[in-house]
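Below is one structure, written out as structure tokens, with a few remarks after it.
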Amino acid sequence: MENMDALDELLICRLDQTRKLAEPFTLVIFGASGDLAARKLLPAMYQLAAKHQLPASFRIFGFARREKNDDSWRSEMKEAVQKFSKTPVAEETWVEFAGHLHYFQGDLGDAQAYAQLRARILAPAAEPSQRNLLFYLAVQPSQFGEIGRQLHDAGVLGKTGGVGESRRLVVEKPFGQDLVSAKKLNQELVRIAHEKQVFRIDHYLGKETVQNILIFRFSNGIFEPLWNRQCIDHVQITLSEKLGVGTRGGFYEEAGALRDVVQNHLLEVLSLIAMEPPVSLDAESIRDEKVKVLRAIRPILPIQAAGNVVRGQYIEGSIDNQARVAYRQEAKVDPTSNVETYVALRLLIDNWRWNGVPFYLRTGKSLALSASEVRIQFRPPPHVLFAAQCGPKLDANAITIRLQPDEGISLRFNGKIPGSSMQIRPVLMNFSYQGEFGAYTPEAYERLLLDAIVGDPTLFIRSDMVEAAWSLMDPIREAWQGCPLAASEFYRAGSWGPTAADELLAHHGHAWSNPVL
Ligand code: BG6
């Protein structure tokens with residue numbers, strides 16, 4: 001056991017040595033009065049500071065239009081961090097952290113404001129080490145281009161900084177709203193910065209359980225030989241949410257589930273499940289393999305959409321004994337809206353490993369449960385010895401990767417029920433994060449912010465990946481364009497989505513395996 005502990009430590013140390021240490025930096029958050037800053041960014045920065053993962057010297061500027069000063073922004077952020085941080089806020093740590101927070105009032109379209117920002121963050125008095133600049137765009141996507149241009153014109157975001165200084169731009173999703181707009185945005189950004197300076201966020205990639213997919217697949221000898229069309233029957237990836245659109249009706253009317261979740265989170269998870277082993281762990285090798293998967297996905301043409309994609313929209317229902325309104329009754333939603341709050345689709349990957357293995361993806365709001373998981377379902381055994389005892393069909397073996405909640409991985413296989421007769425039923429081998437590592441798993445944004453600070457792009461989306469993802473989504477949107485939702489496409493809040501989604505799988509002899517908690 002002692003040897004095991006020593007080995008563990010050695011391995012952990014070795015991995016740690018590959019991480020760069022954070023240099024002093026200045027982070028400017030555009031959209032500092034917004035939801036994301038309060039819910040995710042400041043709590044994550046606080047946690048990093050509390051865990052001593054930030055350098056002694058750093059500054060965080062909140063840039064927004066509202067009139068505030070350092071003190072009022074600090075106290076607002078304190079409330080937010082207390083409310084949204086996973087662990088309690090310690091007064092002493094907060095006071096030390098708050099000293100790094102500053103507010104900058106300015107209009108996003110005003111060149112003068114950027115000149116003043118420049119004077120403030122690059123003031124000769126500023127510690128030279130804080131001249132590593134990171135700009136976080138937590139604003140509407142339509143403002144990305146403008147802010148990038150203004151920063152460039154003000155001379156704070158160039159293709160080079162001063163000697164030994166870095167300049168980085170972190171961009172929130174959604175990145176564009178179709179292939180054309182994503183390409184345009186990419187072109188605008190490469191005019192003012194190198195691709196390696198642009199960090200496109202998909203927060204799913206920062207989740208521990210999503211990062212673990214690579215470790216699970218490529219640090220174990222036993223799974224990879226099974227990870228192919230010879231052994232795997234099909235794959236299901238589910239991202240279901242009990243929440244409706246809540247206060248985000250306006251945003252959702254523009255987005256819909258296909259743009260909001262399928263184009264990014266679901267395709268990212270799919271690419272990690274399906275990619276080939278990278279030649280090394282460097283960012284480009286990993287991202288090269290991921291993008292190859294998306295390029296190998298057989299596009300669903302508009303005329304094929306009906307047979308491969310199901311959309312849905314929630315109507316009133318109840319979740320946890322609470323009555324829920326229909327999507328069309330939500331605030332800022334058109335009462336005749338045809339926007340999809342649910343999507344299920346069947347994708348095929350045309351390569352040697354996956355030929356003929358369907359990947360079923362689904363996501364939806366106001367569903368029965370909030371859970372994200374990947375289920376790898378294996379092929380049945382070629383011959384059933386136990387047909388007399390259990391019928392000709394045994395329960396399928398499966399690996400389920402629970403991304404959240406109840407994070408973990410389970411292997412389902414058949415076992416004998418103790419007793420004198422030969423009865424069989426599926427049993428589980430279960431790994432749970434909580435049981436193995438304790439309760440606290442870092443928030444995705446902690447990891448992503450730290451990576452952006454140290455300049456590691458591995459967990460960020462490269463421009464070709466964004467474009468490959470949009471090119472798969474656009475023909476589906478085209479198929480839906482101008483077609484009102486049919487009666488069969490509505491689903492009751494609290495259900496598992498429209499029945500057409502069950503039929504999509506049943507048609508191919510499969511059935512959804514719904515997450516259970
Ligand atoms: C966001 C989507 O990117 O991801 C939301 O915009 C969705 O609509 C959210 O609710 C899901 O993320 P998580 O981490 O809560 O599963």
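Going through the structure tokens in order, the chains are called A, B, and so on, while each chain numbers its residues from 1 and the ligands are numbered from 1 in the order shown.
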
Margin query: Distance limit 9 Å, reference ligand 1, atoms considered: only C-alpha atoms and all ligand atoms. Which residues make the cut? Give them as a list in words.
Written below: Lys173, Pro174, Asp202, His203, Tyr204, Lys207, Leu239, Ser240, Glu241, Leu243, Gly244, Val245, Arg248, Tyr252, Ala255, Gly256, Ala257, Arg259, Asp260, Val261, Asn264, His265, Lys365, Ser370, Ala371, Ser372, Leu403, Gln404 and Ala444 of chain A

Store the residues picked out above in a file with C-alpha atoms, as a PDB file, in the first residue's frame.
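As a result, selection_37.pdb now contains:
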```pdb
ATOM      1  CA  LYS A 173     -19.555  30.697 -26.999  1.00  0.00           C
ATOM      2  CA  PRO A 174     -21.563  30.844 -29.197  1.00  0.00           C
ATOM      3  CA  ASP A 202     -16.489  25.603 -24.511  1.00  0.00           C
ATOM      4  CA  HIS A 203     -16.866  25.169 -20.780  1.00  0.00           C
ATOM      5  CA  TYR A 204     -17.658  21.467 -21.196  1.00  0.00           C
ATOM      6  CA  LYS A 207     -15.130  19.709 -16.720  1.00  0.00           C
ATOM      7  CA  LEU A 239     -27.152  16.312 -22.049  1.00  0.00           C
ATOM      8  CA  SER A 240     -30.525  16.743 -20.389  1.00  0.00           C
ATOM      9  CA  GLU A 241     -31.662  19.631 -18.214  1.00  0.00           C
ATOM     10  CA  LEU A 243     -34.259  23.857 -16.259  1.00  0.00           C
ATOM     11  CA  GLY A 244     -36.353  25.622 -18.842  1.00  0.00           C
ATOM     12  CA  VAL A 245     -34.994  28.690 -20.606  1.00  0.00           C
ATOM     13  CA  ARG A 248     -32.741  33.583 -21.251  1.00  0.00           C
ATOM     14  CA  TYR A 252     -32.772  31.258 -26.796  1.00  0.00           C
ATOM     15  CA  ALA A 255     -30.129  30.211 -30.595  1.00  0.00           C
ATOM     16  CA  GLY A 256     -32.261  27.095 -30.050  1.00  0.00           C
ATOM     17  CA  ALA A 257     -30.853  23.824 -28.748  1.00  0.00           C
ATOM     18  CA  ARG A 259     -26.800  26.094 -31.752  1.00  0.00           C
ATOM     19  CA  ASP A 260     -26.745  26.353 -27.975  1.00  0.00           C
ATOM     20  CA  VAL A 261     -25.615  22.832 -27.114  1.00  0.00           C
ATOM     21  CA  ASN A 264     -20.487  22.797 -29.211  1.00  0.00           C
ATOM     22  CA  HIS A 265     -20.834  20.690 -26.042  1.00  0.00           C
ATOM     23  CA  LYS A 365     -34.597  21.762 -21.651  1.00  0.00           C
ATOM     24  CA  SER A 370     -30.528  17.093 -15.240  1.00  0.00           C
ATOM     25  CA  ALA A 371     -27.751  14.764 -16.268  1.00  0.00           C
ATOM     26  CA  SER A 372     -24.993  14.496 -18.844  1.00  0.00           C
ATOM     27  CA  LEU A 403     -20.215  13.595 -16.768  1.00  0.00           C
ATOM     28  CA  GLN A 404     -22.520  15.163 -14.189  1.00  0.00           C
ATOM     29  CA  ALA A 444     -14.757  24.001 -15.340  1.00  0.00           C
TER      30      ALA A 444
END
```

Margin query: According to DSSP computed on the backbone, where in segment 187-281 of chain A is there helix (DSSP H, G or I)? Give the residues as a ChimeraX atom specification.
Written below: /A:187-192,195-197,203-206,208-218,224-226,246-274

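By only C-alpha atoms, and with residues fewer than 2 positions from Ile401 of chain A along its chain excluded, the set lying at most 6 Å from it is A:Glu373, A:Val374, A:Ile409.
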
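Nearest-residue note for Arg298 of chain A: choosing from A:Met45, A:Leu272, A:Leu347, A:Ile192, the minimum distance belongs to A:Leu347, counting only C-alpha atoms.
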
Kindly assemble as JSON lines a list of the segment 76-143 of chain A residues that lie within 8 Å of segment 32-41 of chain A, each paired with its nearest atom pair and their distance in Å to one decimal, using only C-alpha atoms, sorted first by chain and then by ascending residue number.
```
{"residue": "A:Met77", "atom": "CA", "partner": "A:Ala38", "partner_atom": "CA", "distance": 6.4}
{"residue": "A:Ala80", "atom": "CA", "partner": "A:Ala38", "partner_atom": "CA", "distance": 5.3}
{"residue": "A:Val81", "atom": "CA", "partner": "A:Ala38", "partner_atom": "CA", "distance": 7.0}
{"residue": "A:Phe84", "atom": "CA", "partner": "A:Arg39", "partner_atom": "CA", "distance": 5.7}
{"residue": "A:Ala138", "atom": "CA", "partner": "A:Leu36", "partner_atom": "CA", "distance": 6.7}
{"residue": "A:Val139", "atom": "CA", "partner": "A:Gly34", "partner_atom": "CA", "distance": 7.9}
```

Notebook entry, point to check: Leaving out Leu48 of chain A and any residue of its chain fewer than 5 positions from it, which residues lie within 8 Å of it when counting only C-alpha atoms, given as a list in words?
Noted result: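 These residues fall inside the cut-off: Gln53, Leu54, Glu446 and Leu450 of chain A.
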
For Glu489 of chain A, list every protein, DNA or RNA residue within 7 Å, evaluated using only C-alpha atoms, and leave out those in the same chain fewer than 2 positions away; present the list as a tab-separated table (two decimals) with N, CA and C atoms, in the first residue's frame.
```tsv
chain	number	residue	atom	x	y	z
A	311	ARG	N	-36.52	17.28	-33.66
A	311	ARG	CA	-36.51	18.47	-32.82
A	311	ARG	C	-37.77	18.46	-31.97
A	312	GLY	N	-37.77	19.25	-30.93
A	312	GLY	CA	-38.95	19.29	-30.07
A	312	GLY	C	-39.02	20.61	-29.33
A	313	GLN	N	-40.17	20.88	-28.75
A	313	GLN	CA	-40.33	22.09	-27.93
A	313	GLN	C	-41.22	21.73	-26.75
A	485	LEU	N	-43.43	23.71	-36.23
A	485	LEU	CA	-43.37	22.44	-35.48
A	485	LEU	C	-44.68	21.68	-35.67
A	486	ALA	N	-44.57	20.38	-35.84
A	486	ALA	CA	-45.78	19.54	-35.95
A	486	ALA	C	-46.21	19.14	-34.55
A	487	ALA	N	-47.45	18.69	-34.41
A	487	ALA	CA	-47.98	18.33	-33.09
A	487	ALA	C	-47.07	17.31	-32.40
A	491	TYR	N	-43.31	18.28	-26.51
A	491	TYR	CA	-43.20	17.30	-25.41
A	491	TYR	C	-43.55	17.98	-24.11
A	498	PRO	N	-39.83	14.38	-27.11
A	498	PRO	CA	-40.90	13.92	-28.00
A	498	PRO	C	-40.76	12.41	-28.31
```
